[in-house]
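Q: Sending over work_8.csv (CSV, C-alpha atoms).
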chain,number,residue,atom,x,y,z
E,583,MET,CA,-116.2,15.2,-16.9
E,584,SER,CA,-113.0,13.6,-18.2
E,585,ILE,CA,-109.6,15.0,-17.4
E,586,PHE,CA,-108.9,14.8,-21.1
E,587,ASN,CA,-111.7,17.2,-22.2
E,588,GLY,CA,-110.3,19.8,-24.4
E,589,LEU,CA,-107.5,17.7,-25.8
E,590,ASP,CA,-109.5,16.9,-28.9
E,591,GLY,CA,-109.2,13.1,-28.7
E,592,LEU,CA,-105.6,13.1,-27.8
E,593,GLY,CA,-106.2,12.0,-24.2
E,594,VAL,CA,-106.1,8.2,-24.8
E,595,PRO,CA,-103.0,8.2,-27.0
E,596,ILE,CA,-101.2,10.5,-24.4
E,597,LEU,CA,-102.2,8.2,-21.6
E,598,VAL,CA,-100.9,5.1,-23.5
E,599,VAL,CA,-97.6,6.8,-24.3
E,600,CYS,CA,-97.2,7.8,-20.6
E,601,ALA,CA,-98.0,4.3,-19.4
E,602,MET,CA,-95.5,2.8,-21.9
E,603,GLY,CA,-92.9,5.2,-20.7
E,604,TYR,CA,-93.6,4.4,-17.1
E,605,VAL,CA,-93.4,0.6,-17.7
E,606,ALA,CA,-90.1,1.1,-19.7
E,607,LEU,CA,-88.5,3.1,-16.8
E,608,LYS,CA,-89.6,0.4,-14.3
E,609,MET,CA,-88.0,-2.3,-16.4
E,610,LEU,CA,-84.8,-0.4,-16.7
E,611,LYS,CA,-84.7,0.2,-12.9
E,612,GLY,CA,-85.5,-3.4,-12.2
E,613,ARG,CA,-82.5,-4.8,-14.1
E,614,LYS,CA,-80.3,-7.1,-12.1
E,615,GLY,CA,-76.9,-5.5,-13.2
E,616,TYR,CA,-74.1,-7.4,-14.7
E,617,SER,CA,-74.3,-11.1,-15.5
E,618,THR,CA,-72.1,-13.9,-16.8
E,619,LYS,CA,-74.5,-14.1,-19.7
E,620,HIS,CA,-73.0,-10.8,-21.0
E,621,TYR,CA,-69.5,-10.6,-19.5
E,622,GLN,CA,-66.5,-12.9,-19.0
E,623,CYS,CA,-63.3,-12.4,-17.2
E,624,ILE,CA,-60.3,-13.3,-19.4
E,625,PRO,CA,-56.5,-13.3,-18.8
E,626,LEU,CA,-54.9,-9.9,-19.1
E,627,LEU,CA,-52.3,-11.3,-21.6
E,628,THR,CA,-52.3,-14.0,-24.3
E,629,GLU,CA,-50.2,-17.1,-23.6
E,630,ARG,CA,-47.4,-15.7,-25.8
E,631,GLU,CA,-47.5,-12.4,-24.0
E,632,GLN,CA,-47.5,-14.2,-20.6
E,633,ASP,CA,-44.4,-16.1,-21.6
E,634,PHE,CA,-42.8,-12.8,-22.7
E,635,PHE,CA,-43.8,-11.1,-19.4
E,636,TRP,CA,-41.9,-13.6,-17.4
E,637,ARG,CA,-38.8,-13.3,-19.7
E,638,LEU,CA,-39.1,-9.5,-19.4
E,639,ARG,CA,-39.4,-9.8,-15.6
E,640,GLU,CA,-36.2,-11.9,-15.6
E,641,ALA,CA,-34.4,-9.3,-17.7
E,642,VAL,CA,-35.4,-6.2,-15.8
E,643,GLY,CA,-35.5,-7.6,-12.3
E,644,ASN,CA,-36.0,-4.8,-9.8
E,645,ASP,CA,-34.5,-2.2,-12.2
E,646,LEU,CA,-37.8,-1.3,-13.8
E,647,VAL,CA,-41.5,-1.7,-13.2
E,648,ILE,CA,-43.5,-3.7,-15.8
E,649,ALA,CA,-47.0,-2.6,-16.5
E,650,PRO,CA,-48.9,-4.8,-19.0
E,651,GLN,CA,-51.6,-3.6,-21.4
E,652,VAL,CA,-51.4,0.1,-20.6
E,653,VAL,CA,-53.7,2.6,-22.5
E,654,PHE,CA,-51.6,5.5,-23.9
E,655,GLY,CA,-53.9,7.9,-22.1
E,656,ALA,CA,-52.6,6.7,-18.8
E,657,PHE,CA,-49.2,8.1,-19.5
E,658,ILE,CA,-49.6,10.6,-22.4
E,659,LYS,CA,-51.3,14.0,-21.9
E,660,VAL,CA,-52.6,15.8,-25.0
E,661,LYS,CA,-51.5,19.4,-24.8
E,662,ALA,CA,-53.4,22.4,-26.3
E,663,THR,CA,-53.4,22.3,-30.1
E,664,ALA,CA,-55.8,23.3,-32.8
E,665,MET,CA,-59.2,21.8,-32.1
E,666,THR,CA,-59.2,19.2,-34.9
E,667,ASP,CA,-55.6,18.2,-34.1
E,668,LYS,CA,-56.5,17.9,-30.4
E,669,ASN,CA,-59.5,15.7,-31.1
E,670,HIS,CA,-57.4,13.5,-33.4
E,671,ALA,CA,-54.6,13.4,-30.8
E,672,ARG,CA,-57.1,12.4,-28.0
E,673,HIS,CA,-58.5,9.6,-30.3
E,674,VAL,CA,-54.9,8.3,-30.8
E,675,VAL,CA,-54.2,8.3,-27.1
E,676,ALA,CA,-57.6,6.9,-26.1
E,677,HIS,CA,-57.6,4.0,-28.6
E,678,ASN,CA,-54.1,2.7,-28.3
E,679,ARG,CA,-52.4,0.5,-25.8
E,680,CYS,CA,-49.1,-1.2,-25.5
E,681,ASP,CA,-48.2,-4.7,-24.6
E,682,PHE,CA,-45.8,-3.6,-21.8
E,683,LEU,CA,-44.8,-0.2,-20.4
E,684,LEU,CA,-41.6,-0.1,-18.5
E,685,CYS,CA,-41.2,2.5,-15.8
E,686,ASP,CA,-38.5,3.7,-13.5
E,687,LYS,CA,-38.9,3.5,-9.7
E,688,LYS,CA,-40.8,6.7,-9.7
E,689,LEU,CA,-43.2,5.2,-12.3
E,690,LYS,CA,-42.1,7.5,-15.0
E,691,PRO,CA,-42.4,5.7,-18.4
E,692,VAL,CA,-39.0,4.9,-20.0
E,693,ALA,CA,-39.7,2.2,-22.6
E,694,LEU,CA,-42.5,0.5,-24.4
E,695,VAL,CA,-42.2,-3.1,-25.4
E,696,GLU,CA,-44.3,-4.7,-28.1
E,697,VAL,CA,-44.6,-8.4,-28.9
E,698,ASP,CA,-45.3,-8.3,-32.6
E,699,ASP,CA,-46.9,-11.3,-34.4
E,700,SER,CA,-48.3,-11.8,-37.9
E,701,THR,CA,-51.0,-9.2,-37.4
E,702,HIS,CA,-48.2,-6.6,-37.7
E,703,ASN,CA,-47.2,-7.8,-41.3
E,704,SER,CA,-49.6,-5.8,-43.4
E,705,SER,CA,-48.6,-2.4,-44.8
E,706,LYS,CA,-51.5,-0.8,-42.8
E,707,ALA,CA,-50.3,-2.3,-39.6
E,708,LYS,CA,-46.7,-1.3,-40.3
E,709,ALA,CA,-47.8,2.3,-40.9
E,710,LYS,CA,-49.8,2.2,-37.6
E,711,ASP,CA,-46.7,0.8,-35.7
E,712,ARG,CA,-44.5,3.6,-37.3
E,713,ARG,CA,-47.0,6.3,-36.1
E,714,ARG,CA,-47.1,4.8,-32.6
E,715,ASP,CA,-43.3,4.6,-32.5
E,716,GLU,CA,-43.1,8.3,-33.6
E,717,LEU,CA,-45.5,9.3,-30.8
E,718,MET,CA,-43.3,7.4,-28.2
E,719,ARG,CA,-40.2,9.1,-29.5
E,720,ALA,CA,-42.0,12.5,-29.2
E,721,VAL,CA,-42.7,11.9,-25.5
E,722,GLY,CA,-39.3,10.4,-24.8
E,723,VAL,CA,-40.2,6.8,-24.4
E,724,SER,CA,-38.1,4.2,-26.3
E,725,VAL,CA,-39.8,1.5,-28.3
E,726,HIS,CA,-38.6,-2.1,-28.5
E,727,ARG,CA,-40.4,-4.6,-30.8
E,728,TYR,CA,-39.8,-8.3,-30.7
E,729,ARG,CA,-41.2,-11.0,-33.0
E,730,ALA,CA,-39.3,-13.9,-31.6
E,731,MET,CA,-38.7,-14.6,-27.9
E,732,PRO,CA,-35.4,-12.8,-27.0
E,733,SER,CA,-33.2,-14.0,-24.2
E,734,ALA,CA,-33.2,-12.0,-20.9
E,735,ARG,CA,-29.7,-10.9,-21.8
E,736,GLU,CA,-30.8,-9.5,-25.2
E,737,ILE,CA,-33.6,-7.6,-23.5
E,738,ARG,CA,-31.2,-6.1,-20.9
E,739,ARG,CA,-28.8,-5.1,-23.8
E,740,ASP,CA,-31.7,-3.5,-25.8
E,741,LEU,CA,-32.9,-1.6,-22.7
E,742,LYS,CA,-29.3,-0.6,-21.8
E,743,LEU,CA,-29.5,-2.1,-18.3
Would you mind writing the file's structure down as structure tokens?

A:
Amino acid sequence: MSIFNGLDGLGVPILVVCAMGYVALKMLKGRKGYSTKHYQCIPLLTEREQDFFWRLREAVGNDLVIAPQVVFGAFIKVKATAMTDKNHARHVVAHNRCDFLLCDKKLKPVALVEVDDSTHNSSKAKAKDRRRDELMRAVGVSVHRYRAMPSAREIRRDLKL
């Protein structure tokens, strides 16, 4: 007597589906993890941003802490608002990052520095930059945008150091 009696011919298809599921689970568990075939470590900053980082470092010295490539969610908390507004606000915070966040000695954000290039020329990009700048003003973080490489003196002046 078969264990599949009473299943009206469904026994073999059920057995096949179960076997396929078992094999699929074994394959997933047997994966080797991460590989260089799929991932590559790259520099945190572009060459232009790296040059700017060192100029910024020269300008702020030990007065401020420089944090490159910071996601807004690391320093902006979304407060309770209407559900749709809160979801949009979380999206903005989660999907934006700045080139450089400058913090005081207690690591409180005080300024955001952006190295703008030609990707900021379109009207869509300009509108996005304006919204981001408005958000920073709302949380009390000043924004400084540079297209050309400023001198350390200019940066100090702009940051009021």

Q: Restricting the calculation to all atoms listed in the file, which member of E:Glu716, E:Asp645, E:Asp711, E:Asp667 is positioned closest to Lys687 of chain E?

A: E:Asp645

Q: Determine, counting only C-alpha atoms, which protein, DNA and RNA residues have an atom within 10 Å of an atom of segment 692-706 of chain E; residues of the same chain fewer than 6 positions away are not included. Present the result as a PyMOL selection string.

A: chain E and resi 630-631+634-635+638+646-652+679-686+712+715+718-719+721-731+737+741

Q: With C-alpha atoms kept, could you save the residues just selected as a compact mmCIF listing (two decimals), in the coordinates of the input?

A:
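Output saved as result36.txt:
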# COMPACT_ATOMS: atom_id res chain seq x y z
CA ARG E 630 -47.40 -15.70 -25.80
CA GLU E 631 -47.50 -12.40 -24.00
CA PHE E 634 -42.80 -12.80 -22.70
CA PHE E 635 -43.80 -11.10 -19.40
CA LEU E 638 -39.10 -9.50 -19.40
CA LEU E 646 -37.80 -1.30 -13.80
CA VAL E 647 -41.50 -1.70 -13.20
CA ILE E 648 -43.50 -3.70 -15.80
CA ALA E 649 -47.00 -2.60 -16.50
CA PRO E 650 -48.90 -4.80 -19.00
CA GLN E 651 -51.60 -3.60 -21.40
CA VAL E 652 -51.40 0.10 -20.60
CA ARG E 679 -52.40 0.50 -25.80
CA CYS E 680 -49.10 -1.20 -25.50
CA ASP E 681 -48.20 -4.70 -24.60
CA PHE E 682 -45.80 -3.60 -21.80
CA LEU E 683 -44.80 -0.20 -20.40
CA LEU E 684 -41.60 -0.10 -18.50
CA CYS E 685 -41.20 2.50 -15.80
CA ASP E 686 -38.50 3.70 -13.50
CA ARG E 712 -44.50 3.60 -37.30
CA ASP E 715 -43.30 4.60 -32.50
CA MET E 718 -43.30 7.40 -28.20
CA ARG E 719 -40.20 9.10 -29.50
CA VAL E 721 -42.70 11.90 -25.50
CA GLY E 722 -39.30 10.40 -24.80
CA VAL E 723 -40.20 6.80 -24.40
CA SER E 724 -38.10 4.20 -26.30
CA VAL E 725 -39.80 1.50 -28.30
CA HIS E 726 -38.60 -2.10 -28.50
CA ARG E 727 -40.40 -4.60 -30.80
CA TYR E 728 -39.80 -8.30 -30.70
CA ARG E 729 -41.20 -11.00 -33.00
CA ALA E 730 -39.30 -13.90 -31.60
CA MET E 731 -38.70 -14.60 -27.90
CA ILE E 737 -33.60 -7.60 -23.50
CA LEU E 741 -32.90 -1.60 -22.70

Q: Within 7 Å of (-55.1, 16.6, -26.9), only C-alpha atoms: residues as an mmCIF file with C-alpha atoms, in the frame of the given file?

A:
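What ended up in point31.cif:
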data_model
loop_
_atom_site.group_PDB
_atom_site.id
_atom_site.type_symbol
_atom_site.label_atom_id
_atom_site.label_comp_id
_atom_site.auth_asym_id
_atom_site.auth_seq_id
_atom_site.Cartn_x
_atom_site.Cartn_y
_atom_site.Cartn_z
ATOM 1 C CA LYS E 659 -51.300 14.000 -21.900
ATOM 2 C CA VAL E 660 -52.600 15.800 -25.000
ATOM 3 C CA LYS E 661 -51.500 19.400 -24.800
ATOM 4 C CA ALA E 662 -53.400 22.400 -26.300
ATOM 5 C CA THR E 663 -53.400 22.300 -30.100
ATOM 6 C CA LYS E 668 -56.500 17.900 -30.400
ATOM 7 C CA ASN E 669 -59.500 15.700 -31.100
ATOM 8 C CA ALA E 671 -54.600 13.400 -30.800
ATOM 9 C CA ARG E 672 -57.100 12.400 -28.000
#

Q: Using Å and a single decimal, report how far atom CA of Ala720 of chain E sits from atom CA of Lys742 of chain E.

A: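 Between atom CA of Lys742 of chain E and atom CA of Ala720 of chain E the gap is 19.7 Å.
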
Q: Mind pulling up the distance from atom CA of Phe654 of chain E to atom CA of Glu640 of chain E?

A: 24.7 Å

Q: Compare E:Ala709, E:Ala656, E:Ala606, E:Val598 by their minimum atom-to-atom distance to Asn678 of chain E, counting all atoms listed in the file, and give me the closest one.

A: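 Ranked by minimum distance to Asn678 of chain E, first place goes to E:Ala656.
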
Q: Find the residue from E:Ala734, E:Arg639, E:Ala676, E:Phe657 that sits nearest to Lys690 of chain E; use only C-alpha atoms when measuring.

A: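 Among the listed residues, the smallest separation from Lys690 of chain E belongs to E:Phe657.
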
Q: Would you mind reading off the distance between atom CA of His670 of chain E and atom CA of Pro691 of chain E, one decimal, in Å?

A: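 Atom-to-atom, atom CA of His670 of chain E and atom CA of Pro691 of chain E are spaced 22.6 Å apart.
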